[in-house]
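Okay, start_10.pdb is below, PDB, C-alpha atoms:
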ATOM      1  CA  MET A 208     -10.723   5.048  13.452  1.00  0.00           C
ATOM      2  CA  ILE A 209     -10.983   5.783  17.144  1.00  0.00           C
ATOM      3  CA  PRO A 210      -8.716   8.707  18.068  1.00  0.00           C
ATOM      4  CA  LEU A 211      -5.888   7.360  20.216  1.00  0.00           C
ATOM      5  CA  SER A 212      -2.684   9.000  21.401  1.00  0.00           C
ATOM      6  CA  LYS A 213       0.627   7.560  20.274  1.00  0.00           C
ATOM      7  CA  GLN A 214       1.235   6.228  23.791  1.00  0.00           C
ATOM      8  CA  GLN A 215      -2.178   4.536  23.858  1.00  0.00           C
ATOM      9  CA  ILE A 216      -1.502   2.956  20.484  1.00  0.00           C
ATOM     10  CA  ILE A 217       1.984   1.661  21.352  1.00  0.00           C
ATOM     11  CA  GLY A 218       1.022   0.574  24.867  1.00  0.00           C
ATOM     12  CA  GLY A 219      -2.168  -1.058  23.639  1.00  0.00           C
ATOM     13  CA  PHE A 220      -0.360  -2.802  20.803  1.00  0.00           C
ATOM     14  CA  ASN A 221       2.285  -4.181  23.159  1.00  0.00           C
ATOM     15  CA  ARG A 222      -0.477  -5.409  25.530  1.00  0.00           C
ATOM     16  CA  ARG A 223      -2.267  -6.992  22.544  1.00  0.00           C
ATOM     17  CA  ASP A 224      -5.256  -4.672  22.917  1.00  0.00           C
ATOM     18  CA  PRO A 225      -7.612  -5.343  19.961  1.00  0.00           C
ATOM     19  CA  THR A 226      -8.491  -1.653  19.449  1.00  0.00           C
ATOM     20  CA  ALA A 227      -4.845  -0.562  19.206  1.00  0.00           C
ATOM     21  CA  ARG A 228      -3.963  -3.508  16.965  1.00  0.00           C
ATOM     22  CA  GLU A 229      -6.866  -2.733  14.631  1.00  0.00           C
ATOM     23  CA  TRP A 230      -5.772   0.919  14.537  1.00  0.00           C
ATOM     24  CA  ILE A 231      -2.238  -0.121  13.513  1.00  0.00           C
ATOM     25  CA  CYS A 232      -3.526  -2.465  10.799  1.00  0.00           C
ATOM     26  CA  ARG A 233      -5.842   0.170   9.323  1.00  0.00           C
ATOM     27  CA  LYS A 234      -3.179   2.883   9.516  1.00  0.00           C
ATOM     28  CA  TYR A 235      -0.506   0.879   7.704  1.00  0.00           C
ATOM     29  CA  TYR A 236      -2.588  -1.249   5.332  1.00  0.00           C
ATOM     30  CA  ALA A 237      -2.064   0.968   2.251  1.00  0.00           C
ATOM     31  CA  TYR A 238       1.612   1.413   3.147  1.00  0.00           C
ATOM     32  CA  VAL A 239       2.238  -2.356   3.206  1.00  0.00           C
ATOM     33  CA  ARG A 240       0.093  -3.011   0.140  1.00  0.00           C
ATOM     34  CA  GLY A 241       1.979  -0.344  -1.806  1.00  0.00           C
ATOM     35  CA  ILE A 242       5.344  -1.931  -1.020  1.00  0.00           C
ATOM     36  CA  VAL A 243       4.056  -5.404  -1.915  1.00  0.00           C
ATOM     37  CA  GLU A 244       2.730  -4.129  -5.259  1.00  0.00           C
ATOM     38  CA  GLU A 245       5.961  -2.246  -5.958  1.00  0.00           C
ATOM     39  CA  ILE A 246       8.167  -5.293  -5.382  1.00  0.00           C
ATOM     40  CA  THR A 247       5.961  -8.037  -6.821  1.00  0.00           C
ATOM     41  CA  GLY A 248       4.488  -6.052  -9.696  1.00  0.00           C
ATOM     42  CA  HIS A 249       0.825  -6.296  -8.642  1.00  0.00           C
ATOM     43  CA  SER A 250       0.910 -10.033  -8.003  1.00  0.00           C
ATOM     44  CA  PRO A 251      -2.440 -11.842  -7.858  1.00  0.00           C
ATOM     45  CA  GLU A 252      -1.338 -12.926  -4.373  1.00  0.00           C
ATOM     46  CA  THR A 253      -0.929  -9.349  -3.115  1.00  0.00           C
ATOM     47  CA  MET A 254      -3.667  -9.701  -0.495  1.00  0.00           C
ATOM     48  CA  ASP A 255      -2.165 -12.964   0.810  1.00  0.00           C
ATOM     49  CA  LEU A 256       1.261 -11.337   1.107  1.00  0.00           C
ATOM     50  CA  VAL A 257      -0.192  -8.305   2.909  1.00  0.00           C
ATOM     51  CA  GLY A 258      -2.047 -10.655   5.262  1.00  0.00           C
ATOM     52  CA  GLU A 259       1.158 -12.555   5.984  1.00  0.00           C
ATOM     53  CA  VAL A 260       2.953  -9.308   6.875  1.00  0.00           C
ATOM     54  CA  PHE A 261       0.243  -8.342   9.357  1.00  0.00           C
ATOM     55  CA  ARG A 262       0.135 -11.860  10.830  1.00  0.00           C
ATOM     56  CA  LYS A 263       3.858 -11.565  11.537  1.00  0.00           C
ATOM     57  CA  LEU A 264       3.318  -8.148  13.102  1.00  0.00           C
ATOM     58  CA  LEU A 265       0.447  -9.365  15.274  1.00  0.00           C
ATOM     59  CA  ASP A 266       2.401 -12.491  16.301  1.00  0.00           C
ATOM     60  CA  ASN A 267       5.317 -10.272  17.351  1.00  0.00           C
ATOM     61  CA  PRO A 268       5.824 -10.241  21.137  1.00  0.00           C
ATOM     62  CA  GLY A 269       5.247  -6.485  21.082  1.00  0.00           C
ATOM     63  CA  ARG A 270       8.219  -4.621  22.367  1.00  0.00           C
ATOM     64  CA  PHE A 271       7.847  -1.521  20.230  1.00  0.00           C
ATOM     65  CA  LYS A 272       8.577   1.866  21.779  1.00  0.00           C
ATOM     66  CA  LYS A 273       7.554   4.121  18.884  1.00  0.00           C
ATOM     67  CA  LEU A 274       5.267   3.995  15.849  1.00  0.00           C
ATOM     68  CA  ASN A 275       8.344   4.415  13.651  1.00  0.00           C
ATOM     69  CA  MET A 276       9.640   1.096  14.982  1.00  0.00           C
ATOM     70  CA  ILE A 277       6.422  -0.575  13.854  1.00  0.00           C
ATOM     71  CA  ARG A 278       6.727   1.048  10.417  1.00  0.00           C
ATOM     72  CA  LEU A 279      10.361  -0.122  10.154  1.00  0.00           C
ATOM     73  CA  PHE A 280       9.303  -3.643  11.187  1.00  0.00           C
ATOM     74  CA  LEU A 281       6.555  -3.586   8.540  1.00  0.00           C
ATOM     75  CA  PHE A 282       8.919  -2.342   5.827  1.00  0.00           C
ATOM     76  CA  THR A 283      11.579  -4.963   6.564  1.00  0.00           C
ATOM     77  CA  THR A 284       9.056  -7.774   6.948  1.00  0.00           C
ATOM     78  CA  THR A 285       7.229  -6.792   3.749  1.00  0.00           C
ATOM     79  CA  ARG A 286      10.457  -6.651   1.774  1.00  0.00           C
ATOM     80  CA  ASN A 287      11.584 -10.055   3.063  1.00  0.00           C
ATOM     81  CA  ILE A 288       8.217 -11.725   2.461  1.00  0.00           C
ATOM     82  CA  CYS A 289       8.124 -10.344  -1.096  1.00  0.00           C
ATOM     83  CA  LEU A 290      11.669 -11.524  -1.849  1.00  0.00           C
ATOM     84  CA  ASN A 291      10.796 -14.987  -0.511  1.00  0.00           C
ATOM     85  CA  TYR A 292       7.640 -14.985  -2.623  1.00  0.00           C
ATOM     86  CA  LEU A 293       9.606 -14.122  -5.760  1.00  0.00           C
ATOM     87  CA  ARG A 294      12.172 -16.844  -5.014  1.00  0.00           C
ATOM     88  CA  ASP A 295       9.476 -19.455  -4.290  1.00  0.00           C
ATOM     89  CA  LYS A 296       7.623 -18.595  -7.482  1.00  0.00           C
ATOM     90  CA  LYS A 297      10.871 -19.005  -9.402  1.00  0.00           C
ATOM     91  CA  HIS A 298      10.635 -15.608 -11.027  1.00  0.00           C
ATOM     92  CA  ASP A 299      13.270 -14.498 -13.467  1.00  0.00           C
ATOM     93  CA  PRO A 300      16.564 -14.687 -11.504  1.00  0.00           C
ATOM     94  CA  MET A 301      17.588 -11.297 -12.880  1.00  0.00           C
ATOM     95  CA  GLN A 302      14.468  -9.746 -11.343  1.00  0.00           C
ATOM     96  CA  ILE A 303      15.289 -11.246  -7.949  1.00  0.00           C
ATOM     97  CA  GLU A 304      18.940 -10.180  -8.124  1.00  0.00           C
ATOM     98  CA  GLU A 305      17.774  -6.650  -8.807  1.00  0.00           C
ATOM     99  CA  LEU A 306      15.861  -6.740  -5.531  1.00  0.00           C
ATOM    100  CA  GLU A 307      18.733  -8.028  -3.400  1.00  0.00           C
ATOM    101  CA  PRO A 308      19.911  -5.672  -0.618  1.00  0.00           C
ATOM    102  CA  GLY A 309      22.445  -3.775  -2.788  1.00  0.00           C
ATOM    103  CA  HIS A 310      19.838  -2.780  -5.365  1.00  0.00           C
ATOM    104  CA  PRO A 311      18.777   0.897  -5.394  1.00  0.00           C
ATOM    105  CA  LEU A 312      15.179  -0.091  -4.581  1.00  0.00           C
ATOM    106  CA  LEU A 313      16.348  -1.636  -1.319  1.00  0.00           C
ATOM    107  CA  THR A 314      19.213   0.624  -0.239  1.00  0.00           C
ATOM    108  CA  ASP A 315      19.213   2.708   2.924  1.00  0.00           C
ATOM    109  CA  ASN A 316      17.224   5.389   1.073  1.00  0.00           C
ATOM    110  CA  SER A 317      14.729   2.801  -0.089  1.00  0.00           C
ATOM    111  CA  MET A 318      12.724   2.901   3.119  1.00  0.00           C
ATOM    112  CA  GLU A 319      12.207   6.639   2.698  1.00  0.00           C
ATOM    113  CA  GLU A 320      11.386   6.145  -0.985  1.00  0.00           C
ATOM    114  CA  ALA A 321       9.023   3.274  -0.215  1.00  0.00           C
ATOM    115  CA  GLU A 322       7.377   5.334   2.522  1.00  0.00           C
ATOM    116  CA  ASN A 323       6.823   8.240   0.141  1.00  0.00           C
ATOM    117  CA  LEU A 324       5.428   5.939  -2.550  1.00  0.00           C
ATOM    118  CA  ALA A 325       3.238   4.272   0.050  1.00  0.00           C
ATOM    119  CA  ALA A 326       2.111   7.667   1.335  1.00  0.00           C
ATOM    120  CA  ILE A 327       1.097   8.701  -2.192  1.00  0.00           C
ATOM    121  CA  ARG A 328      -0.766   5.423  -2.615  1.00  0.00           C
ATOM    122  CA  ASN A 329      -2.358   5.901   0.804  1.00  0.00           C
ATOM    123  CA  VAL A 330      -3.696   9.340  -0.179  1.00  0.00           C
ATOM    124  CA  ILE A 331      -5.076   7.837  -3.397  1.00  0.00           C
ATOM    125  CA  TYR A 332      -6.464   4.803  -1.534  1.00  0.00           C
ATOM    126  CA  CYS A 333      -8.162   7.043   1.058  1.00  0.00           C
ATOM    127  CA  ALA A 334      -9.583   9.241  -1.696  1.00  0.00           C
ATOM    128  CA  LEU A 335     -10.946   6.154  -3.465  1.00  0.00           C
ATOM    129  CA  GLN A 336     -12.543   4.954  -0.207  1.00  0.00           C
ATOM    130  CA  LYS A 337     -14.703   8.097  -0.234  1.00  0.00           C
ATOM    131  CA  LEU A 338     -16.367   6.943  -3.446  1.00  0.00           C
ATOM    132  CA  PRO A 339     -19.551   4.885  -3.628  1.00  0.00           C
ATOM    133  CA  ALA A 340     -18.744   1.153  -3.818  1.00  0.00           C
ATOM    134  CA  GLN A 341     -19.427   0.709  -7.545  1.00  0.00           C
ATOM    135  CA  THR A 342     -17.544   3.865  -8.534  1.00  0.00           C
ATOM    136  CA  ARG A 343     -14.579   2.768  -6.412  1.00  0.00           C
ATOM    137  CA  GLN A 344     -14.599  -0.693  -7.988  1.00  0.00           C
ATOM    138  CA  ILE A 345     -14.676   0.807 -11.479  1.00  0.00           C
ATOM    139  CA  ALA A 346     -11.836   3.221 -10.661  1.00  0.00           C
ATOM    140  CA  GLU A 347      -9.691   0.415  -9.247  1.00  0.00           C
ATOM    141  CA  LEU A 348     -10.292  -1.788 -12.283  1.00  0.00           C
ATOM    142  CA  GLY A 349      -9.722   1.050 -14.723  1.00  0.00           C
ATOM    143  CA  TYR A 350      -6.827   2.925 -13.146  1.00  0.00           C
ATOM    144  CA  LEU A 351      -5.076   0.398 -10.945  1.00  0.00           C
ATOM    145  CA  GLN A 352      -5.552  -2.702 -13.093  1.00  0.00           C
ATOM    146  CA  ASP A 353      -5.592  -0.753 -16.377  1.00  0.00           C
ATOM    147  CA  LEU A 354      -8.602  -2.571 -17.819  1.00  0.00           C
ATOM    148  CA  PRO A 355     -10.427  -0.990 -20.787  1.00  0.00           C
ATOM    149  CA  ASN A 356     -13.929   0.393 -20.214  1.00  0.00           C
ATOM    150  CA  ALA A 357     -15.542  -2.314 -22.340  1.00  0.00           C
ATOM    151  CA  GLU A 358     -14.007  -5.089 -20.238  1.00  0.00           C
ATOM    152  CA  ILE A 359     -15.005  -3.399 -16.970  1.00  0.00           C
ATOM    153  CA  ALA A 360     -18.561  -3.000 -18.257  1.00  0.00           C
ATOM    154  CA  ALA A 361     -18.706  -6.682 -19.267  1.00  0.00           C
ATOM    155  CA  ARG A 362     -17.314  -7.841 -15.906  1.00  0.00           C
ATOM    156  CA  LEU A 363     -19.744  -5.762 -13.883  1.00  0.00           C
ATOM    157  CA  GLY A 364     -22.732  -6.134 -16.187  1.00  0.00           C
ATOM    158  CA  ILE A 365     -23.202  -2.390 -16.623  1.00  0.00           C
ATOM    159  CA  ALA A 366     -23.184   0.045 -19.524  1.00  0.00           C
ATOM    160  CA  GLU A 367     -19.850   1.222 -20.864  1.00  0.00           C
ATOM    161  CA  LYS A 368     -21.090   4.816 -20.467  1.00  0.00           C
ATOM    162  CA  THR A 369     -21.573   4.174 -16.718  1.00  0.00           C
ATOM    163  CA  VAL A 370     -17.960   3.040 -16.531  1.00  0.00           C
ATOM    164  CA  GLY A 371     -16.766   6.234 -18.205  1.00  0.00           C
ATOM    165  CA  ASN A 372     -18.910   8.436 -15.951  1.00  0.00           C
ATOM    166  CA  SER A 373     -17.698   6.634 -12.832  1.00  0.00           C
ATOM    167  CA  LYS A 374     -14.074   7.052 -13.850  1.00  0.00           C
ATOM    168  CA  THR A 375     -14.703  10.777 -14.358  1.00  0.00           C
ATOM    169  CA  ILE A 376     -16.173  11.068 -10.846  1.00  0.00           C
ATOM    170  CA  ALA A 377     -13.150   9.235  -9.427  1.00  0.00           C
ATOM    171  CA  LEU A 378     -10.750  11.583 -11.212  1.00  0.00           C
ATOM    172  CA  LYS A 379     -12.556  14.627  -9.815  1.00  0.00           C
ATOM    173  CA  LEU A 380     -12.082  13.294  -6.296  1.00  0.00           C
ATOM    174  CA  LEU A 381      -8.417  12.542  -6.937  1.00  0.00           C
ATOM    175  CA  ARG A 382      -7.920  16.052  -8.298  1.00  0.00           C
ATOM    176  CA  ALA A 383      -9.398  17.430  -5.067  1.00  0.00           C
ATOM    177  CA  GLU A 384      -6.747  15.424  -3.198  1.00  0.00           C
ATOM    178  CA  LEU A 385      -4.011  16.524  -5.624  1.00  0.00           C
ATOM    179  CA  PRO A 386      -2.239  19.009  -3.301  1.00  0.00           C
ATOM    180  CA  GLU A 387      -1.362  16.192  -0.873  1.00  0.00           C
ATOM    181  CA  ILE A 388      -0.361  13.858  -3.714  1.00  0.00           C
ATOM    182  CA  LYS A 389       1.862  16.588  -5.216  1.00  0.00           C
ATOM    183  CA  ARG A 390       3.516  17.240  -1.854  1.00  0.00           C
ATOM    184  CA  ARG A 391       4.313  13.532  -1.430  1.00  0.00           C
ATOM    185  CA  PHE A 392       5.530  13.260  -5.016  1.00  0.00           C
ATOM    186  CA  PHE A 393       8.010  16.105  -4.554  1.00  0.00           C
ATOM    187  CA  LEU A 394       9.226  14.505  -1.321  1.00  0.00           C
ATOM    188  CA  LEU A 395       9.795  11.306  -3.259  1.00  0.00           C
ATOM    189  CA  LEU A 396      11.505  13.155  -6.103  1.00  0.00           C
ATOM    190  CA  SER A 397      13.860  14.888  -3.656  1.00  0.00           C
ATOM    191  CA  THR A 398      15.194  11.492  -2.518  1.00  0.00           C
ATOM    192  CA  PHE A 399      16.588  10.968  -6.042  1.00  0.00           C
ATOM    193  CA  LEU A 400      18.266  14.361  -6.311  1.00  0.00           C
ATOM    194  CA  PRO A 401      21.857  14.941  -5.064  1.00  0.00           C
TER     195      PRO A 401
END
Let's see the structure in the file written out as structure tokens.
Amino acid sequence: MIPLSKQQIIGGFNRRDPTAREWICRKYYAYVRGIVEEITGHSPETMDLVGEVFRKLLDNPGRFKKLNMIRLFLFTTTRNICLNYLRDKKHDPMQIEELEPGHPLLTDNSMEEAENLAAIRNVIYCALQKLPAQTRQIAELGYLQDLPNAEIAARLGIAEKTVGNSKTIALKLLRAELPEIKRRFFLLLSTFLP
């Protein structure tokens, strides 16, 4: 990403500058995706929902004064789009009731909790982006979608041993990023403590 100051980002976003808007989308992509996955349970339509959130952001007239206001807009918009998605898909009514505004997931602390979860996912996502394409794909299938090695190998047309080796490489990278993940985890944990 091009290094921009906060004022350049906010001003550029409000003026509909493509560079600032791209910066915002890249910066908050993992954050929004993490919230969508948390609420919808890794829906097959995750990417569509994330796209809808960013379309709403980019269609916004742009009167933001701080980056935090954009993050708050994204959180609220993501939550609302996910709740609408669950209602439209006629999910179990109990599941939807649990996500209504009084539910612990969506209380006043929920934004902080969602931000911490999203930050953890962002660190993991960024770490995965450092991997070669095939290794990243294998790690995502194995760790994020929880597919067995044999199924990953069959899908990608590679040896099962290659899958295992690639997952090991991915874990080594994640372990190198572990201090940041631990820090975020303890921040998240502290939101649950009295």
Residues matched by the PyMOL selection byres ((chain A and resi 221-225) around 8), written as a PyMOL selection string: chain A and resi 217-220+226-229+268-271
Expected selection from the PyMOL selection byres ((chain A and resi 360-373) around 10), given as a ChimeraX atom specification: /A:338-339,341-346,348-349,354-359,374-379
Which residues come within 12 Å of region 250-262 of chain A, counting only C-alpha atoms, excluding same-chain residues fewer than 5 positions away, as a PyMOL selection string? chain A and resi 228-229+231-245+267-268+277-278+280-293+296+298+352
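Rounded to one decimal, CA of Tyr332 (chain A) and CA of Tyr350 (chain A) lie 11.8 Å from each other.
CA of Ile216 (chain A) is positioned 9.3 Å from CA of Lys273 (chain A).
CA of Lys213 (chain A) lies 26.4 Å from CA of Pro386 (chain A).
Distances here use all atoms listed in the file; by that measure, the residue among A:Lys272, A:Arg294, A:Leu380, A:Gln215 closest to Gln336 (chain A) is A:Leu380.
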Only C-alpha atoms, please: region 224-283 of chain A from the block, as an mmCIF file, in the first residue's frame.
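Written file, part30.cif:
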data_model
loop_
_atom_site.group_PDB
_atom_site.id
_atom_site.type_symbol
_atom_site.label_atom_id
_atom_site.label_comp_id
_atom_site.auth_asym_id
_atom_site.auth_seq_id
_atom_site.Cartn_x
_atom_site.Cartn_y
_atom_site.Cartn_z
ATOM 1 C CA ASP A 224 -9.918 9.718 -4.598
ATOM 2 C CA PRO A 225 -9.277 6.190 -5.970
ATOM 3 C CA THR A 226 -5.931 5.779 -4.155
ATOM 4 C CA ALA A 227 -7.398 6.621 -0.738
ATOM 5 C CA ARG A 228 -10.465 4.457 -1.361
ATOM 6 C CA GLU A 229 -8.298 1.503 -2.386
ATOM 7 C CA TRP A 230 -6.173 2.020 0.738
ATOM 8 C CA ILE A 231 -9.299 1.901 2.937
ATOM 9 C CA CYS A 232 -10.593 -1.251 1.229
ATOM 10 C CA ARG A 233 -7.265 -3.064 1.580
ATOM 11 C CA LYS A 234 -6.818 -1.929 5.186
ATOM 12 C CA TYR A 235 -10.233 -3.118 6.354
ATOM 13 C CA TYR A 236 -10.826 -6.138 4.111
ATOM 14 C CA ALA A 237 -9.772 -8.761 6.697
ATOM 15 C CA TYR A 238 -11.634 -6.873 9.432
ATOM 16 C CA VAL A 239 -14.930 -6.971 7.502
ATOM 17 C CA ARG A 240 -14.421 -10.546 6.323
ATOM 18 C CA GLY A 241 -13.750 -11.676 9.891
ATOM 19 C CA ILE A 242 -17.000 -10.152 11.147
ATOM 20 C CA VAL A 243 -18.970 -11.655 8.253
ATOM 21 C CA GLU A 244 -17.513 -15.110 8.961
ATOM 22 C CA GLU A 245 -18.157 -14.749 12.692
ATOM 23 C CA ILE A 246 -21.830 -13.863 12.238
ATOM 24 C CA THR A 247 -22.721 -16.073 9.273
ATOM 25 C CA GLY A 248 -20.573 -19.057 10.197
ATOM 26 C CA HIS A 249 -18.355 -19.054 7.089
ATOM 27 C CA SER A 250 -21.226 -18.739 4.630
ATOM 28 C CA PRO A 251 -20.509 -19.657 1.004
ATOM 29 C CA GLU A 252 -21.663 -16.110 0.215
ATOM 30 C CA THR A 253 -19.023 -14.487 2.437
ATOM 31 C CA MET A 254 -17.300 -12.742 -0.474
ATOM 32 C CA ASP A 255 -20.621 -11.365 -1.771
ATOM 33 C CA LEU A 256 -21.478 -10.017 1.682
ATOM 34 C CA VAL A 257 -18.034 -8.420 2.056
ATOM 35 C CA GLY A 258 -18.436 -6.865 -1.396
ATOM 36 C CA GLU A 259 -21.833 -5.472 -0.436
ATOM 37 C CA VAL A 260 -20.354 -3.855 2.687
ATOM 38 C CA PHE A 261 -17.646 -2.121 0.664
ATOM 39 C CA ARG A 262 -20.138 -1.040 -2.016
ATOM 40 C CA LYS A 263 -22.166 0.667 0.708
ATOM 41 C CA LEU A 264 -19.021 2.316 2.055
ATOM 42 C CA LEU A 265 -17.931 3.522 -1.380
ATOM 43 C CA ASP A 266 -21.459 4.765 -2.188
ATOM 44 C CA ASN A 267 -21.460 6.748 1.068
ATOM 45 C CA PRO A 268 -21.348 10.519 0.467
ATOM 46 C CA GLY A 269 -18.093 10.632 2.425
ATOM 47 C CA ARG A 270 -18.377 12.825 5.435
ATOM 48 C CA PHE A 271 -15.978 10.941 7.675
ATOM 49 C CA LYS A 272 -13.655 12.914 9.936
ATOM 50 C CA LYS A 273 -11.582 10.055 11.365
ATOM 51 C CA LEU A 274 -10.572 6.516 10.406
ATOM 52 C CA ASN A 275 -12.410 5.273 13.497
ATOM 53 C CA MET A 276 -15.642 6.614 12.008
ATOM 54 C CA ILE A 277 -15.038 4.522 8.897
ATOM 55 C CA ARG A 278 -14.342 1.447 11.041
ATOM 56 C CA LEU A 279 -17.550 2.074 13.032
ATOM 57 C CA PHE A 280 -19.496 2.477 9.770
ATOM 58 C CA LEU A 281 -18.014 -0.797 8.489
ATOM 59 C CA PHE A 282 -18.824 -2.656 11.711
ATOM 60 C CA THR A 283 -22.435 -1.457 11.815
#
